[in-house]
Amino acid sequence: MEQQMVNQPQHEEMSLRIEIYAMLAHLMRQAPDENVLNWLADLNVDTSEHRTTEMAAAWPLVKLAAKKANLIAVEEEYQDLFIGIGRGEIVPFGSWYLTGSLMEMPLAHLRRDLAQLGFQRDESVKEPEDHIAALLEVMAMLVEGGDEHLQRTFFNRHIATWFERLCADMKAAESAVFYCAVGELALQFLTVEKTRFIEAN
């Protein structure tokens, strides 16, 4: 019983991390539908559980943005931000942020690491694997797997070096309204993760 009580907070923290990674991945992958917006608007988060006041403060911003969001407007916002005509205001790929071009060496290194981890590309997904949504999806699975070393290595190699610039661009983008709040939450959560992995060294 004592062992279960000791492990319970760790299990809850792990579950929360998985859920946040998965939620952010979903929002980066596609515009939220009405169900997702309603879920975010009604989300009851215990902000006392978060490791920073900044992270705690980001949740109400997302809730408020979801409550105010218009479904069609959010779909258009996502289109303008991440797709656009030719390309959107934001190019959410690691290679772009690290080299200024797509399909560069960071993607090759990522593909090597994904192969070593046993992940295979879903043929239905057209975007390169260094799309931020795909990286967050991988992190959710690695956290679920429980290997802290694999989580730290993957995060530091493929997310830590550029997420801050991506989130800053999301918050500053001309078209961003709902995604301004998402960018703030992503920034604060990933900063907490970055600190976690530094402290684990």
# chains A, B, ... in the order shown; residues from 1 in each chain; ligands from 1
call {"tool": "select_by_dssp", "arguments": {"residues": "segment 82-167 of chain A", "states": "alpha helix (DSSP H)", "output": "PyMOL selection string"}}
result
chain A and resi 94-99+105-117+132-145+148-158+163-167
call {"tool": "closest_residue", "arguments": {"among": "A:Leu43, A:Leu81, A:Leu117, A:Val74", "to": "Leu150 of chain A", "atoms": "only C-alpha atoms"}}
result
A:Leu117
call {"tool": "residues_around", "arguments": {"residues": "Leu110 of chain A", "least_positions_apart": "2", "cutoff": "8 Å", "atoms": "only C-alpha atoms", "output": "ChimeraX atom specification"}}
result
/A:106-108,112-114,129-130,158
call {"tool": "write_last_selection", "arguments": {"atoms": "C-alpha atoms", "output": "PDB file, in the first residue's frame"}}
result
ATOM      1  CA  PRO A 106      17.813  17.520 -39.084  1.00  0.00           C
ATOM      2  CA  LEU A 107      15.091  15.479 -40.796  1.00  0.00           C
ATOM      3  CA  ALA A 108      17.584  12.793 -41.794  1.00  0.00           C
ATOM      4  CA  ARG A 112      17.404   7.618 -38.178  1.00  0.00           C
ATOM      5  CA  ASP A 113      16.364   8.001 -34.542  1.00  0.00           C
ATOM      6  CA  LEU A 114      12.733   7.114 -35.286  1.00  0.00           C
ATOM      7  CA  GLU A 129       8.322  13.618 -39.805  1.00  0.00           C
ATOM      8  CA  ASP A 130       9.814  16.787 -38.301  1.00  0.00           C
ATOM      9  CA  HIS A 158      14.591  17.134 -31.948  1.00  0.00           C
TER      10      HIS A 158
END
call {"tool": "residues_around", "arguments": {"residues": "Ala58 of chain A", "least_positions_apart": "6", "cutoff": "9 Å", "atoms": "only C-alpha atoms", "output": "list in words"}}
result
Ala181, Val182, Glu184, Leu185, Ala186, Gln188 and Phe189 of chain A
call {"tool": "atom_distance", "arguments": {"atom1": "atom CA of Ala173 of chain A", "atom2": "atom CA of Ile90 of chain A"}}
result
7.8 Å
call {"tool": "residues_around", "arguments": {"residues": "segment 133-142 of chain A", "least_positions_apart": "4", "cutoff": "9 Å", "atoms": "only C-alpha atoms", "output": "ChimeraX atom specification"}}
result
/A:17-22,24-29,92,114,119,128-129,146-148,150-151,154-155,158-159
call {"tool": "atom_distance", "arguments": {"atom1": "atom CA of Arg196 of chain A", "atom2": "atom CA of Ser15 of chain A"}}
result
15.6 Å
call {"tool": "select_by_dssp", "arguments": {"residues": "chain A", "states": "strand (DSSP E or B)", "output": "JSON, numbers by chain"}}
result
{"A": [85, 87, 93, 131]}
call {"tool": "write_last_selection", "arguments": {"atoms": "N, CA, C and O atoms", "output": "mmCIF file, in the first residue's frame"}}
result
data_model
loop_
_atom_site.group_PDB
_atom_site.id
_atom_site.type_symbol
_atom_site.label_atom_id
_atom_site.label_comp_id
_atom_site.auth_asym_id
_atom_site.auth_seq_id
_atom_site.Cartn_x
_atom_site.Cartn_y
_atom_site.Cartn_z
ATOM 1 N N ILE A 85 -1.411 29.793 -48.837
ATOM 2 C CA ILE A 85 -1.279 29.583 -50.274
ATOM 3 C C ILE A 85 0.215 29.539 -50.562
ATOM 4 O O ILE A 85 0.913 30.541 -50.486
ATOM 5 N N ARG A 87 2.611 28.592 -48.641
ATOM 6 C CA ARG A 87 2.896 28.192 -47.265
ATOM 7 C C ARG A 87 2.227 29.178 -46.324
ATOM 8 O O ARG A 87 1.871 30.295 -46.702
ATOM 9 N N PHE A 93 8.113 22.992 -38.961
ATOM 10 C CA PHE A 93 9.022 21.868 -39.176
ATOM 11 C C PHE A 93 10.403 22.177 -38.592
ATOM 12 O O PHE A 93 10.919 23.289 -38.747
ATOM 13 N N HIS A 131 7.522 17.611 -38.515
ATOM 14 C CA HIS A 131 6.395 18.481 -38.161
ATOM 15 C C HIS A 131 6.230 18.433 -36.643
ATOM 16 O O HIS A 131 6.327 17.375 -36.028
#
call {"tool": "closest_residue", "arguments": {"among": "A:Phe197, A:Thr53, A:Gln79, A:Gln120", "to": "Thr153 of chain A", "atoms": "only C-alpha atoms"}}
result
A:Phe197
call {"tool": "closest_residue", "arguments": {"among": "A:Ile72, A:Val62, A:Val91, A:Ala160", "to": "Ile198 of chain A", "atoms": "only C-alpha atoms"}}
result
A:Ala160
call {"tool": "closest_residue", "arguments": {"among": "A:Glu164, A:Glu144, A:Glu76, A:Glu13", "to": "Ala176 of chain A", "atoms": "only C-alpha atoms"}}
result
A:Glu76
